[in-house]
$ cat work.txt   # compact mmCIF, C-alpha atoms and all ligand atoms
# COMPACT_ATOMS: atom_id res chain seq x y z
CA MET A 39 47.95 -17.57 22.15
CA LYS A 40 47.36 -20.75 20.15
CA LYS A 41 48.44 -24.00 21.76
CA ILE A 42 50.96 -26.33 20.14
CA ALA A 43 50.43 -30.10 20.04
CA LEU A 44 52.91 -32.77 18.96
CA ILE A 45 51.20 -35.96 17.75
CA THR A 46 53.17 -39.12 17.00
CA GLY A 47 51.71 -41.59 14.52
CA ALA A 48 49.83 -38.79 12.78
CA SER A 49 49.93 -40.42 9.34
CA SER A 50 47.08 -42.83 10.03
CA GLY A 51 44.19 -43.89 12.26
CA ILE A 52 43.81 -42.30 15.69
CA GLY A 53 46.76 -39.90 15.28
CA LYS A 54 45.54 -38.60 11.94
CA ALA A 55 41.97 -38.15 13.22
CA THR A 56 43.37 -36.30 16.26
CA ALA A 57 45.28 -33.95 13.95
CA TYR A 58 42.03 -33.13 12.13
CA GLU A 59 40.14 -32.66 15.42
CA PHE A 60 42.82 -30.39 16.92
CA ALA A 61 43.09 -28.34 13.69
CA LYS A 62 39.33 -27.71 13.84
CA HIS A 63 39.91 -26.13 17.25
CA GLY A 64 42.83 -23.99 16.06
CA ILE A 65 45.64 -25.90 17.78
CA ASN A 66 48.99 -25.60 15.99
CA LEU A 67 50.34 -29.01 15.06
CA ILE A 68 53.60 -30.91 14.90
CA LEU A 69 52.78 -34.11 13.04
CA CYS A 70 55.18 -37.06 13.22
CA GLY A 71 55.50 -40.33 11.36
CA ARG A 72 57.62 -42.33 8.92
CA ARG A 73 55.38 -41.97 5.84
CA LEU A 74 56.23 -38.44 4.76
CA GLU A 75 53.98 -38.41 1.70
CA ARG A 76 50.94 -39.03 3.87
CA LEU A 77 52.01 -36.37 6.34
CA ASN A 78 52.40 -33.89 3.47
CA THR A 79 48.85 -34.62 2.29
CA ILE A 80 47.50 -34.08 5.82
CA LYS A 81 49.51 -30.86 6.15
CA LYS A 82 48.03 -29.54 2.90
CA ALA A 83 44.51 -30.34 4.10
CA LEU A 84 44.94 -28.70 7.53
CA GLU A 85 47.07 -25.66 6.72
CA ARG A 86 44.05 -23.52 6.00
CA LEU A 87 42.91 -24.11 9.61
CA THR A 88 46.16 -23.94 11.57
CA ASP A 89 49.98 -23.93 11.40
CA VAL A 90 51.44 -27.37 10.71
CA HIS A 91 55.04 -28.56 11.02
CA LEU A 92 56.10 -32.08 10.00
CA LEU A 93 58.72 -34.29 11.63
CA ASN A 94 59.70 -37.40 9.73
CA PHE A 95 61.34 -40.00 11.98
CA ASP A 96 61.08 -43.58 13.21
CA VAL A 97 60.50 -43.57 16.99
CA ARG A 98 62.80 -46.61 17.25
CA ASP A 99 65.73 -44.42 16.22
CA LYS A 100 66.79 -42.74 19.45
CA ALA A 101 69.25 -40.26 17.92
CA LYS A 102 66.92 -39.26 15.07
CA THR A 103 63.98 -38.85 17.46
CA LEU A 104 65.91 -36.55 19.81
CA GLN A 105 67.49 -34.66 16.87
CA SER A 106 64.16 -34.15 15.07
CA ILE A 107 62.45 -32.66 18.11
CA GLU A 108 65.54 -30.56 18.87
CA SER A 109 65.37 -29.22 15.28
CA LEU A 110 61.95 -27.61 15.77
CA PRO A 111 61.86 -23.93 14.86
CA ASP A 112 61.38 -21.49 17.78
CA THR A 113 57.72 -20.99 16.85
CA PHE A 114 57.07 -24.71 17.49
CA LYS A 115 59.47 -25.35 20.39
CA ASN A 116 57.09 -24.77 23.30
CA ILE A 117 54.92 -27.87 23.05
CA ASP A 118 51.82 -27.61 25.24
CA ILE A 119 50.30 -30.99 24.40
CA LEU A 120 52.10 -34.25 23.64
CA ILE A 121 50.04 -37.11 22.23
CA ASN A 122 52.14 -40.28 22.43
CA ASN A 123 50.14 -42.33 19.95
CA ALA A 124 52.61 -44.05 17.56
CA GLY A 125 52.40 -47.80 17.97
CA ASN A 126 51.04 -51.04 16.67
CA ALA A 127 50.66 -54.72 17.37
CA HIS A 128 52.90 -57.01 15.32
CA GLY A 129 51.58 -60.55 15.08
CA LEU A 130 49.08 -62.52 17.18
CA ASP A 131 50.81 -65.70 18.30
CA SER A 132 51.00 -67.79 21.43
CA ILE A 133 54.16 -67.13 23.41
CA ASN A 134 55.74 -70.43 22.34
CA GLU A 135 55.29 -69.55 18.67
CA GLY A 136 55.93 -65.79 18.73
CA ASN A 137 58.39 -64.08 16.42
CA ILE A 138 61.29 -62.31 18.13
CA ASP A 139 61.35 -59.53 15.52
CA ASP A 140 57.66 -58.83 16.28
CA TRP A 141 58.45 -58.70 20.01
CA ASP A 142 61.31 -56.27 19.35
CA ALA A 143 59.09 -54.07 17.17
CA MET A 144 56.37 -53.81 19.83
CA MET A 145 58.70 -53.10 22.74
CA ASP A 146 60.90 -50.74 20.67
CA ILE A 147 58.02 -48.72 19.19
CA ASN A 148 55.23 -48.83 21.78
CA VAL A 149 57.42 -48.54 24.87
CA LYS A 150 60.92 -47.27 24.08
CA GLY A 151 59.74 -44.95 21.27
CA LEU A 152 57.23 -43.35 23.62
CA LEU A 153 60.03 -42.81 26.14
CA TYR A 154 62.40 -41.26 23.57
CA VAL A 155 59.76 -38.78 22.37
CA SER A 156 58.83 -37.92 25.94
CA LYS A 157 62.49 -37.44 26.91
CA ALA A 158 62.84 -34.90 24.10
CA VAL A 159 59.64 -33.00 24.87
CA ILE A 160 59.46 -32.93 28.69
CA PRO A 161 62.39 -30.53 29.47
CA GLN A 162 60.67 -27.48 28.00
CA MET A 163 57.48 -28.47 29.85
CA THR A 164 59.23 -28.72 33.22
CA ALA A 165 61.06 -25.44 32.53
CA ARG A 166 57.74 -23.69 31.81
CA GLN A 167 55.92 -25.64 34.60
CA SER A 168 53.13 -26.40 32.19
CA GLY A 169 52.09 -29.07 29.73
CA HIS A 170 49.80 -32.01 29.07
CA ILE A 171 50.89 -35.50 28.04
CA ILE A 172 48.41 -38.09 26.81
CA ASN A 173 49.65 -41.61 26.20
CA ILE A 174 47.53 -43.85 24.02
CA GLY A 175 47.36 -47.11 25.92
CA SER A 176 44.78 -49.78 25.17
CA SER A 177 42.29 -52.12 26.76
CA ALA A 178 45.23 -54.49 26.17
CA GLY A 179 47.04 -52.52 28.86
CA LYS A 180 44.38 -53.49 31.36
CA GLU A 181 43.81 -57.16 30.54
CA VAL A 182 45.80 -59.83 28.75
CA TYR A 183 44.05 -61.84 26.04
CA PRO A 184 45.07 -65.11 24.36
CA LYS A 185 48.04 -64.60 22.01
CA GLY A 186 48.21 -60.93 23.00
CA ASN A 187 51.19 -61.57 25.32
CA VAL A 188 53.87 -59.06 24.21
CA TYR A 189 51.49 -56.45 22.75
CA CYS A 190 49.56 -56.54 26.05
CA ALA A 191 52.87 -56.28 27.94
CA SER A 192 53.83 -53.22 25.90
CA LYS A 193 50.52 -51.53 26.69
CA HIS A 194 50.70 -52.51 30.38
CA ALA A 195 54.11 -50.79 30.30
CA VAL A 196 52.55 -47.69 28.73
CA LEU A 197 50.11 -47.51 31.64
CA ALA A 198 52.90 -47.96 34.22
CA ILE A 199 54.93 -45.24 32.50
CA THR A 200 51.86 -42.97 32.46
CA GLU A 201 51.48 -43.38 36.22
CA GLY A 202 55.20 -42.81 36.73
CA MET A 203 55.11 -39.67 34.62
CA ARG A 204 52.09 -38.34 36.51
CA ILE A 205 53.86 -38.84 39.82
CA ASP A 206 57.23 -37.43 38.77
CA LEU A 207 55.83 -34.48 36.83
CA ASN A 208 53.32 -33.58 39.56
CA PRO A 209 55.65 -30.96 41.14
CA PHE A 210 55.77 -29.17 37.78
CA GLY A 211 52.00 -28.92 37.32
CA ILE A 212 52.10 -31.07 34.18
CA LYS A 213 48.99 -33.11 33.41
CA VAL A 214 49.54 -36.75 32.43
CA GLY A 215 46.88 -39.26 31.43
CA ALA A 216 46.15 -42.33 29.35
CA ILE A 217 43.31 -42.98 26.93
CA ASN A 218 42.73 -46.70 26.46
CA PRO A 219 40.60 -47.76 23.51
CA GLY A 220 39.17 -51.17 22.76
CA LEU A 221 38.62 -52.15 19.12
CA VAL A 222 39.12 -49.18 16.76
CA GLU A 223 38.80 -49.65 12.99
CA THR A 224 42.12 -48.29 11.67
CA GLU A 225 45.12 -49.78 9.88
CA PHE A 226 46.01 -51.47 13.19
CA SER A 227 44.94 -54.97 12.11
CA GLN A 228 46.52 -54.64 8.66
CA VAL A 229 49.81 -53.99 10.43
CA ARG A 230 49.25 -56.71 13.03
CA PHE A 231 48.48 -59.36 10.38
CA LYS A 232 51.04 -58.00 7.88
CA GLY A 233 48.54 -57.53 5.06
CA ASP A 234 46.89 -60.97 5.51
CA LYS A 235 43.19 -60.84 4.66
CA ILE A 236 42.29 -62.07 8.16
CA ALA A 237 42.67 -58.36 9.08
CA ASP A 238 39.43 -57.61 7.17
CA SER A 239 37.43 -59.83 9.55
CA VAL A 240 38.48 -58.13 12.80
CA TYR A 241 35.93 -55.31 12.63
CA LYS A 242 33.19 -57.29 10.86
CA GLY A 243 29.83 -58.15 12.46
CA PHE A 244 29.70 -55.25 14.93
CA LYS A 245 30.16 -51.51 14.96
CA ALA A 246 33.75 -50.87 15.99
CA LEU A 247 35.00 -47.57 17.35
CA GLN A 248 36.19 -45.18 14.65
CA ALA A 249 39.40 -43.13 14.87
CA LYS A 250 37.29 -39.97 15.10
CA ASP A 251 35.54 -41.30 18.24
CA ILE A 252 38.90 -41.48 20.01
CA ALA A 253 40.08 -38.15 18.58
CA GLU A 254 37.01 -36.42 20.03
CA ILE A 255 37.71 -38.00 23.44
CA ILE A 256 41.35 -36.88 23.27
CA TYR A 257 40.19 -33.33 22.49
CA PHE A 258 37.75 -33.52 25.41
CA ALA A 259 40.62 -34.54 27.71
CA ILE A 260 42.92 -31.73 26.60
CA SER A 261 40.19 -29.08 26.75
CA ARG A 262 39.25 -29.55 30.44
CA PRO A 263 39.88 -26.63 32.80
CA PRO A 264 43.37 -26.30 34.36
CA HIS A 265 42.38 -28.06 37.62
CA VAL A 266 40.96 -31.17 35.86
CA ASN A 267 43.16 -34.04 34.66
CA ILE A 268 41.65 -37.12 33.03
CA ALA A 269 44.13 -39.62 34.39
CA ASP A 270 42.92 -42.87 32.85
CA LEU A 271 40.04 -43.57 30.50
CA LEU A 272 38.87 -46.90 29.04
CA VAL A 273 36.58 -46.78 26.01
CA PHE A 274 34.97 -49.74 24.26
CA PRO A 275 32.57 -49.95 21.36
CA THR A 276 29.12 -50.73 22.77
CA ALA A 277 29.35 -54.23 21.31
CA GLN A 278 32.54 -54.97 23.27
CA ALA A 279 32.50 -55.96 26.95
CA SER A 280 36.13 -57.08 27.29
CA SER A 281 39.03 -58.03 25.04
CA THR A 282 37.42 -61.38 24.30
CA ILE A 283 33.68 -60.63 24.54
CA VAL A 284 32.22 -58.91 21.48
CA LYS A 285 28.54 -59.19 20.59
CA LYS A 286 28.35 -59.78 16.85
CA PHE A 287 25.22 -59.75 14.75
CA ASN A 288 24.40 -62.99 12.91
P1 LIG B 301 47.43 -47.25 12.68
O1 LIG B 301 48.20 -48.40 12.17
O2 LIG B 301 46.32 -46.73 11.83
O3 LIG B 301 48.41 -46.05 13.04
C1 LIG B 301 49.65 -46.27 13.67
C2 LIG B 301 50.47 -44.98 13.59
O4 LIG B 301 51.70 -45.19 14.30
C3 LIG B 301 50.82 -44.62 12.17
O5 LIG B 301 50.64 -43.23 11.97
C4 LIG B 301 52.29 -44.99 12.04
O6 LIG B 301 52.95 -44.05 11.17
C5 LIG B 301 52.78 -44.79 13.49
N1 LIG B 301 53.95 -45.63 13.73
C6 LIG B 301 54.00 -46.98 13.77
N2 LIG B 301 55.27 -47.40 13.93
C7 LIG B 301 56.03 -46.28 13.99
C8 LIG B 301 57.43 -46.05 14.12
N3 LIG B 301 58.31 -47.07 14.22
N4 LIG B 301 57.89 -44.78 14.13
C9 LIG B 301 57.03 -43.75 14.02
N5 LIG B 301 55.69 -43.89 13.89
C10 LIG B 301 55.21 -45.14 13.86
O7 LIG B 301 46.86 -47.71 14.11
P2 LIG B 301 46.00 -46.94 15.24
O8 LIG B 301 45.68 -45.58 14.83
O9 LIG B 301 44.90 -47.84 15.60
O10 LIG B 301 47.05 -46.95 16.43
C11 LIG B 301 47.44 -45.79 17.14
C12 LIG B 301 47.69 -46.16 18.60
O11 LIG B 301 46.46 -46.62 19.17
C13 LIG B 301 48.70 -47.28 18.81
O12 LIG B 301 49.51 -46.96 19.92
C14 LIG B 301 47.83 -48.50 19.12
O13 LIG B 301 48.50 -49.45 19.89
C15 LIG B 301 46.70 -47.82 19.87
N6 LIG B 301 45.45 -48.57 19.96
C16 LIG B 301 44.80 -48.98 18.82
C17 LIG B 301 43.59 -49.69 18.92
C18 LIG B 301 42.87 -50.23 17.74
O14 LIG B 301 42.02 -51.14 17.92
N7 LIG B 301 43.09 -49.73 16.54
C19 LIG B 301 43.01 -49.94 20.24
C20 LIG B 301 43.79 -49.49 21.36
C21 LIG B 301 44.94 -48.80 21.21
P3 LIG B 301 54.05 -44.44 10.07
O15 LIG B 301 53.78 -45.86 9.66
O16 LIG B 301 53.84 -43.44 8.98
O17 LIG B 301 55.33 -44.25 10.79
C1 LIG B 302 44.15 -52.59 20.33
C2 LIG B 302 42.98 -53.32 20.89
O1 LIG B 302 42.11 -55.65 21.46
O2 LIG B 302 43.23 -55.37 19.33
O3 LIG B 302 45.00 -52.15 21.33
O4 LIG B 302 44.48 -55.36 21.38
S1 LIG B 302 43.24 -55.01 20.75

$ encode --input "work.txt" --output "structure tokens"
Amino acid sequence: MKKIALITGASSGIGKATAYEFAKHGINLILCGRRLERLNTIKKALERLTDVHLLNFDVRDKAKTLQSIESLPDTFKNIDILINNAGNAHGLDSINEGNIDDWDAMMDINVKGLLYVSKAVIPQMTARQSGHIINIGSSAGKEVYPKGNVYCASKHAVLAITEGMRIDLNPFGIKVGAINPGLVETEFSQVRFKGDKIADSVYKGFKALQAKDIAEIIYFAISRPPHVNIADLLVFPTAQASSTIVKKFN
């Protein structure tokens, strides 16, 4: 039987590339995001490869998140793979100058949104004693960089939650792991810098990771044999040694 994966943040970047990668391997897809038009375009492109169902909700909205996942038709209810990917950085400011709305956005989306989606998906996994959850963390979840403060805190929280999930879901045979990318060229910096052209410079002067690179790694993780769980994986572009050390060409 074909597996079913729910991917949050499937309208762009890593989530979208993961949808394409999973479709190639015949995994049925539940694609989530706020930008419905984009999701519709992706659905049209992937439908010839696999079954696709769209869920249009903001992960900050607790009731809508729970309701949307509850509304899944029977054919999509037994989710085998959950990719908690929706998230972004909002702003890059020192703590004394940070914007409270940016802080709220990062904690509400990256941390609480991930929890709401997981809360809605986990019960059918525990009931079936089977499932695989991958949380998209970040190198920012492993080290704090200047002005990264709250974004880094949100990703440190994602890693703590991943560990907690792995411990608590261990009796049910559910796999839980985190994939932690360094710099990936997506819409991430456009969101972080709110359309400011500084976003264009972030991935200049070196070869950044591409969304497809991470999607392939996610597929690798979910396609291991039943006894193998990739618990925590950090992936940098070759040019990057840490959050602050990136070898750029002149
Ligand atoms: P993108 O901006 O390209 O994609 C972000 C995705 O998250 C979009 O599909 C967006 O969909 C969704 N999203 C954002 N806010 C919400 C919300 N409130 N409700 C529902 N969905 C939401 O960035 P990336 O692909 O790079 O980011 C994906 C994940 O990877 C994030 O968790 C990010 O922190 C992480 N990451 C990114 C790195 C990078 O360098 N790019 C490195 C390490 C980790 P929509 O707007 O349609 O709702
Ligand atoms: C995204 C990577 O270094 O921009 O999580 O925070 S970084």

$ residues_near_ligand --input "work.txt" --ligand "ligand LIG 301 (chain B)" --cutoff "6 Å" --atoms "only C-alpha atoms and all ligand atoms" --output "PyMOL selection string"
chain A and resi 47-53+71-73+96-98+123-126+147+174-176+218-226

$ closest_residue --input "work.txt" --among "A:Pro264, A:Gly179, A:Gly202, A:Pro275" --to "ligand LIG 302 (chain B)" --atoms "only C-alpha atoms and all ligand atoms"
A:Gly179

$ residues_around --input "work.txt" --residues "Glu254 in chain A" --least-positions-apart "5" --cutoff "12 Å" --atoms "only C-alpha atoms" --output "compact mmCIF listing (two decimals) with C-alpha atoms, in the coordinates of the input"
# COMPACT_ATOMS: atom_id res chain seq x y z
CA ILE A 52 43.81 -42.30 15.69
CA GLY A 53 46.76 -39.90 15.28
CA LYS A 54 45.54 -38.60 11.94
CA ALA A 55 41.97 -38.15 13.22
CA THR A 56 43.37 -36.30 16.26
CA ALA A 57 45.28 -33.95 13.95
CA TYR A 58 42.03 -33.13 12.13
CA GLU A 59 40.14 -32.66 15.42
CA PHE A 60 42.82 -30.39 16.92
CA ALA A 61 43.09 -28.34 13.69
CA LYS A 62 39.33 -27.71 13.84
CA HIS A 63 39.91 -26.13 17.25
CA ILE A 217 43.31 -42.98 26.93
CA LEU A 247 35.00 -47.57 17.35
CA GLN A 248 36.19 -45.18 14.65
CA ALA A 249 39.40 -43.13 14.87
CA ALA A 259 40.62 -34.54 27.71
CA ILE A 260 42.92 -31.73 26.60
CA SER A 261 40.19 -29.08 26.75
CA VAL A 273 36.58 -46.78 26.01

$ closest_residue --input "work.txt" --among "A:Ile212, A:Ala277, A:Ala178, A:Leu197" --to "ligand LIG 302 (chain B)" --atoms "only C-alpha atoms and all ligand atoms"
A:Ala178

$ atom_distance --input "work.txt" --atom1 "CA of Ile117 in chain A" --atom2 "CA of Lys41 in chain A"
7.7 Å

$ axis_aligned_box --input "work.txt" --around "ligand LIG 302 (chain B)" --padding-each-side "6 Å" --output "AutoDock Vina command-line options"
--center_x 43.6 --center_y -53.9 --center_z 20.4 --size_x 14.9 --size_y 15.5 --size_z 14.1

$ closest_residue --input "work.txt" --among "A:Lys157, A:Lys245, A:Arg166, A:His128" --to "ligand LIG 302 (chain B)" --atoms "only C-alpha atoms and all ligand atoms"
A:His128

$ closest_residue --input "work.txt" --among "A:Val188, A:Asp118, A:Cys70, A:Asn78" --to "Met39 in chain A" --atoms "only C-alpha atoms"
A:Asp118

$ closest_residue --input "work.txt" --among "A:Val240, A:Ser132, A:Ala143, A:Phe231" --to "Asn187 in chain A" --atoms "only C-alpha atoms"
A:Ser132

$ atom_distance --input "work.txt" --atom1 "CA of Met144 in chain A" --atom2 "CA of Glu75 in chain A"
23.9 Å

$ atom_distance --input "work.txt" --atom1 "CA of Thr276 in chain A" --atom2 "CA of Lys235 in chain A"
25.1 Å
